[in-house]
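Okay, so here's the structure we're looking at.
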2 protein chains.
Amino acid sequence: MATIAEVAKRAGVGVATVSRVLNASPAVRDQTRQRVLDAIADLDYAPNAAARALSTGRTESVGVVAPFFTRPSVMERLRGVSHVLAGSRYQLVLFDVERPGQDSRSFRDLPGALDGLLSISLCPTDEDLERFEAAGTPIVLVDHPHERVPAVHTDDVAGGRLATEHLLELGHRRIAFVGDLEHNYHGFTSSAMRRVGYQEALAAAGVDPDPALTCRTAHGREPAAALAGELLASPSRPTAVFAASDTQAVGVLEAARELGLQIPGDLSIVGYDDIELARYAGLTTVAQPLEESGARGAELLLAALDGTTPIGHQLPVRLVARSTTSAPGRSRGAGARQQHQADGRDRRRQARQDGNRVRS
Amino acid sequence: MATIAEVAKRAGVGVATVSRVLNASPAVRDQTRQRVLDAIADLDYAPNAAARALSTGRTESVGVVAPFFTRPSVMERLRGVSHVLAGSRYQLVLFDVERPGQDSRSFRDLPGALDGLLSISLCPTDEDLERFEAAGTPIVLVDHPHERVPAVHTDDVAGGRLATEHLLELGHRRIAFVGDLEHNYHGFTSSAMRRVGYQEALAAAGVDPDPALTCRTAHGREPAAALAGELLASPSRPTAVFAASDTQAVGVLEAARELGLQIPGDLSIVGYDDIELARYAGLTTVAQPLEESGARGAELLLAALDGTTPIGHQLPVRLVARSTTSAPGRSRGAGARQQHQADGRDRRRQARQDGNRVRS
DNA sequence: TTGAAAGCGGTACCAG
DNA sequence: CTGGTACCGCTTTCAA
């Protein structure tokens, strides 16, 4: 690979001039620039990114950390991020945080190696944050609110409430919750928040919560199916299940079918996220703009990289009633495209209408 | 951010020693090592990736270029790549090649900035290849065969044949093909190959091909739905459609339902890829191991990075009959879990059984 | 408008 | 085992 020195020599100029041409500096005579350009073409020269990074202190790349890359919801967010970043000069470096520990190692080294960081669903520790701040590396959070860091998030508690209220309104009283294990490292809290919303809604309706109906298991369709298998085999089985994610909801759906239960006649099911699959499974769910959240997060990060101080904001959630919910004991769907709007958006930011439009 | 020099000073040693500790060289007395380690901890030192890259010539990162990041099939492949890479020391730099041109720019600079490259579904030009070869940067292809470059691929022609034969066996004669536009830059050829398989199967069955039934449109559910809408409204509509991807098949499915057609009674549909959605849509499809292909590709690349010269191989495809196909005019599914096995694997490599196992 | 030279923060060779 | 030092390739003053 040719170096800048070779280009300079061939063009009969100094390396500084080549550098100027490379960086589109106006302070180069046209004639000179052309000689340099020719030399670059002749030598098939391409600048060395590492050398440039070392010299400038910037790497032209942003990191995206995402847990559970496996999850469709994360994939959809990533898609939004990728699209926005593809239009910028930054490269996207992906950190798949599947197992704990893996990330803490990375996080330490990251500030120096990256110009910015987008954290999806994960919340960096205060220590991590300090490190980034010290290095002047901006961070933006997606799917996790934060006091000090710009974040694009939704109100998971409100979402959980929404799902549960939908079931309550249909007449259900024995409503189970199926969510993730909550001893997550690094504050992956959405399932827990949705559970809180669930409990709030039950309490508000004066329904006595049955602890046996609040279930948690490893994320994924199969664990949820296994759990639901037991739950639904019980004589005191619930008439409805609110799952903290569509993936888990589909697991519950499978388990129910396995047991010969009619959906929604014998069991109503509400999911969360509205991933593409939910639409095809006809799943009633709490929808949030996944791809958009990623895109917004990336835009915020780009803005931060540009020197501005972006402020985060909340995206709306809404209930999408499909065919997995109905009144208990009935066999028809919830009927008439019933859609509750409930964006838990901060009222003080109500004005940001344009920023919060829901694509439907 | 602390530098190696500061650490050295604080530990009372030379920078070389610190570097040795950093790189786990055994040639350091334990006592000295400890002093250095302490200094590192005190200063909260983290090595600078750019400096290291400049010095060693290696960046510890591999690029993954993927077109149409939007496609579920690509996402599933990426998932496999990510999982394997997460277990290595390499970082994953993602290149989303949505629009042409975007990539050619990148490709030029890539060899220097990356230790290796994994190209998904895309085929680099010979020129690109030369550049990588010259830079000693290994490339591995996923979903695209190649003579000179290790690749993990499937036989798309065989897959197209498989789908079409399935329909022919059911008794269909008017079989349409719905695929991507074929004037793709950079050799994204799978749709075209599947079409060839379709045509071969028709010819082998002695069915006169009707050019009006071979359709191509932009990739995606909606374009396919629009196309199918016209195709199916025609009085001489086909009794079956083979779509070059599940996404397009779902579009056809929607269009058919829109027209009030019974599936599979009035129209049989076969997709391709067996993405997660296919399972829920009950779509008959040609399955290929998507996630596995990504994982395999990543393993190959890791092997190449390790100095070995890996050889690519072919992964099997098979038909999965679900409920969108039946004999023409009947209203039931294709029945008894009929599954054709047809991995178009190179017979000379037949021995590599272990490497080609199908997960079902 | 241009060139010389001093870093940027490591690695690795060469002495000792 | 350890330290000094010459690069790695580019950017960016500083002078000319």
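Here's how to read the names in the structure tokens: chain A, B, ... by the order shown, residue numbers from 1 in each chain, ligand numbers from 1 in the order shown.
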
Contacts of Ala66 (chain B) at 9 Å (only C-alpha atoms (C1' of nucleotides); same-chain gap of 4+ positions) as a count of residues only: 12

Set out as a Markdown table a contact list for chain C and chain B with a cut-off of 7 Å, giving each residue of chain C that qualifies its closest atom pair and distance in Å to one decimal, counting only C-alpha atoms (C1' of nucleotides), ordered by chain and rising residue number.
| residue | atom | partner | partner_atom | distance |
| --- | --- | --- | --- | --- |
| C:DG9 | C1' | B:Ala51 | CA | 4.9 |
| C:DG10 | C1' | B:Arg52 | CA | 4.9 |
| C:DT11 | C1' | B:Ser55 | CA | 5.8 |

Could you pull the residues within 9 Å of region 1-5 of chain D, counting only C-alpha atoms (C1' of nucleotides), minus those fewer than 3 positions along the same chain, as a ChimeraX atom specification? /B:13-17,27-29 /C:15-16

Take the residues from that selection and put them in a file with N, CA, C and O atoms (P, O5', C5', C4', C3', O3' and C1' of nucleotides), as a PDB file, in the first residue's frame.
ATOM      1  N   VAL B  13       9.382   2.171  35.183  1.00  0.00           N
ATOM      2  CA  VAL B  13       9.960   1.248  34.198  1.00  0.00           C
ATOM      3  C   VAL B  13       9.947   1.920  32.828  1.00  0.00           C
ATOM      4  O   VAL B  13       9.467   3.046  32.696  1.00  0.00           O
ATOM      5  N   GLY B  14      10.448   1.243  31.844  1.00  0.00           N
ATOM      6  CA  GLY B  14      10.432   1.799  30.495  1.00  0.00           C
ATOM      7  C   GLY B  14       9.142   1.450  29.786  1.00  0.00           C
ATOM      8  O   GLY B  14       8.411   0.545  30.199  1.00  0.00           O
ATOM      9  N   VAL B  15       8.850   2.171  28.713  1.00  0.00           N
ATOM     10  CA  VAL B  15       7.610   1.917  27.980  1.00  0.00           C
ATOM     11  C   VAL B  15       7.580   0.504  27.405  1.00  0.00           C
ATOM     12  O   VAL B  15       6.524  -0.112  27.303  1.00  0.00           O
ATOM     13  N   ALA B  16       8.730   0.031  27.044  1.00  0.00           N
ATOM     14  CA  ALA B  16       8.776  -1.308  26.461  1.00  0.00           C
ATOM     15  C   ALA B  16       8.240  -2.336  27.440  1.00  0.00           C
ATOM     16  O   ALA B  16       7.516  -3.264  27.067  1.00  0.00           O
ATOM     17  N   THR B  17       8.583  -2.164  28.671  1.00  0.00           N
ATOM     18  CA  THR B  17       8.102  -3.108  29.690  1.00  0.00           C
ATOM     19  C   THR B  17       6.585  -3.033  29.841  1.00  0.00           C
ATOM     20  O   THR B  17       5.909  -4.052  29.945  1.00  0.00           O
ATOM     21  N   ALA B  27       8.224 -12.527  29.282  1.00  0.00           N
ATOM     22  CA  ALA B  27       9.548 -12.030  29.652  1.00  0.00           C
ATOM     23  C   ALA B  27       9.504 -10.812  30.578  1.00  0.00           C
ATOM     24  O   ALA B  27      10.141  -9.792  30.319  1.00  0.00           O
ATOM     25  N   VAL B  28       8.715 -10.884  31.616  1.00  0.00           N
ATOM     26  CA  VAL B  28       8.676  -9.796  32.588  1.00  0.00           C
ATOM     27  C   VAL B  28       8.655 -10.421  33.989  1.00  0.00           C
ATOM     28  O   VAL B  28       7.865 -11.341  34.239  1.00  0.00           O
ATOM     29  N   ARG B  29       9.507  -9.917  34.875  1.00  0.00           N
ATOM     30  CA  ARG B  29       9.520 -10.471  36.220  1.00  0.00           C
ATOM     31  C   ARG B  29       8.170 -10.172  36.885  1.00  0.00           C
ATOM     32  O   ARG B  29       7.610  -9.089  36.701  1.00  0.00           O
TER      33      ARG B  29
ATOM     34  P    DA C  15      22.773  -4.236  18.066  1.00  0.00           P
ATOM     35  O5'  DA C  15      23.391  -3.843  19.470  1.00  0.00           O
ATOM     36  C5'  DA C  15      22.589  -4.035  20.590  1.00  0.00           C
ATOM     37  C4'  DA C  15      22.783  -2.891  21.562  1.00  0.00           C
ATOM     38  C3'  DA C  15      23.898  -3.191  22.562  1.00  0.00           C
ATOM     39  O3'  DA C  15      24.418  -1.979  23.076  1.00  0.00           O
ATOM     40  C1'  DA C  15      21.735  -3.482  23.558  1.00  0.00           C
ATOM     41  P    DG C  16      25.703  -2.122  24.109  1.00  0.00           P
ATOM     42  O5'  DG C  16      25.048  -2.526  25.502  1.00  0.00           O
ATOM     43  C5'  DG C  16      24.238  -1.575  26.189  1.00  0.00           C
ATOM     44  C4'  DG C  16      23.745  -2.179  27.496  1.00  0.00           C
ATOM     45  C3'  DG C  16      24.836  -2.930  28.263  1.00  0.00           C
ATOM     46  O3'  DG C  16      24.726  -2.622  29.637  1.00  0.00           O
ATOM     47  C1'  DG C  16      22.958  -4.314  27.990  1.00  0.00           C
TER      48       DG C  16
END

Return the neighbours of chain A among the residues of chain D, cut-off 6 Å, counting only C-alpha atoms (C1' of nucleotides), as number ranges by chain. D: 9-11

Name all residues at most 12 Å from DA15 (chain D) (count only C-alpha atoms (C1' of nucleotides); drop same-chain ones fewer than 3 positions away) and give them as an mmCIF file with N, CA and C atoms (P, O5', C5', C4', C3', O3' and C1' of nucleotides), in the first residue's frame.
data_model
loop_
_atom_site.group_PDB
_atom_site.id
_atom_site.type_symbol
_atom_site.label_atom_id
_atom_site.label_comp_id
_atom_site.auth_asym_id
_atom_site.auth_seq_id
_atom_site.Cartn_x
_atom_site.Cartn_y
_atom_site.Cartn_z
ATOM 1 P P DT C 2 0.541 25.142 -3.957
ATOM 2 O "O5'" DT C 2 1.688 24.983 -2.902
ATOM 3 C "C5'" DT C 2 3.011 25.274 -3.292
ATOM 4 C "C4'" DT C 2 3.955 25.081 -2.129
ATOM 5 C "C3'" DT C 2 4.068 23.658 -1.605
ATOM 6 O "O3'" DT C 2 5.326 23.138 -2.036
ATOM 7 C "C1'" DT C 2 4.114 25.277 0.155
ATOM 8 P P DG C 3 5.668 21.611 -1.762
ATOM 9 O "O5'" DG C 3 6.604 21.758 -0.481
ATOM 10 C "C5'" DG C 3 7.728 22.618 -0.562
ATOM 11 C "C4'" DG C 3 8.493 22.572 0.742
ATOM 12 C "C3'" DG C 3 8.779 21.169 1.272
ATOM 13 O "O3'" DG C 3 10.099 21.167 1.795
ATOM 14 C "C1'" DG C 3 7.556 22.380 2.899
ATOM 15 P P DA C 4 10.783 19.843 2.218
ATOM 16 O "O5'" DA C 4 11.240 20.147 3.713
ATOM 17 C "C5'" DA C 4 11.519 21.481 4.128
ATOM 18 C "C4'" DA C 4 11.694 21.522 5.639
ATOM 19 C "C3'" DA C 4 12.139 20.206 6.267
ATOM 20 O "O3'" DA C 4 13.018 20.506 7.345
ATOM 21 C "C1'" DA C 4 9.996 20.782 7.091
ATOM 22 P P DA C 5 13.567 19.335 8.268
ATOM 23 O "O5'" DA C 5 12.501 19.300 9.437
ATOM 24 C "C5'" DA C 5 12.192 20.508 10.144
ATOM 25 C "C4'" DA C 5 11.229 20.193 11.277
ATOM 26 C "C3'" DA C 5 11.544 18.903 12.036
ATOM 27 O "O3'" DA C 5 11.172 19.095 13.392
ATOM 28 C "C1'" DA C 5 9.396 18.751 11.178
#

Expected answer as JSON, numbers by chain: strand (DSSP E) residues in region 7-202 of chain A: {"A": [61, 62, 63, 64, 65, 66, 67, 91, 92, 93, 94, 95, 96, 97, 116, 117, 118, 119, 120, 139, 140, 141, 142, 151, 152, 153, 175, 176, 177, 178, 179, 180]}

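When only C-alpha atoms are used to compute distances to chain A, the closest of the residues B:Asp30, B:Glu169, B:Glu133, B:Asp143 turns out to be B:Glu133.
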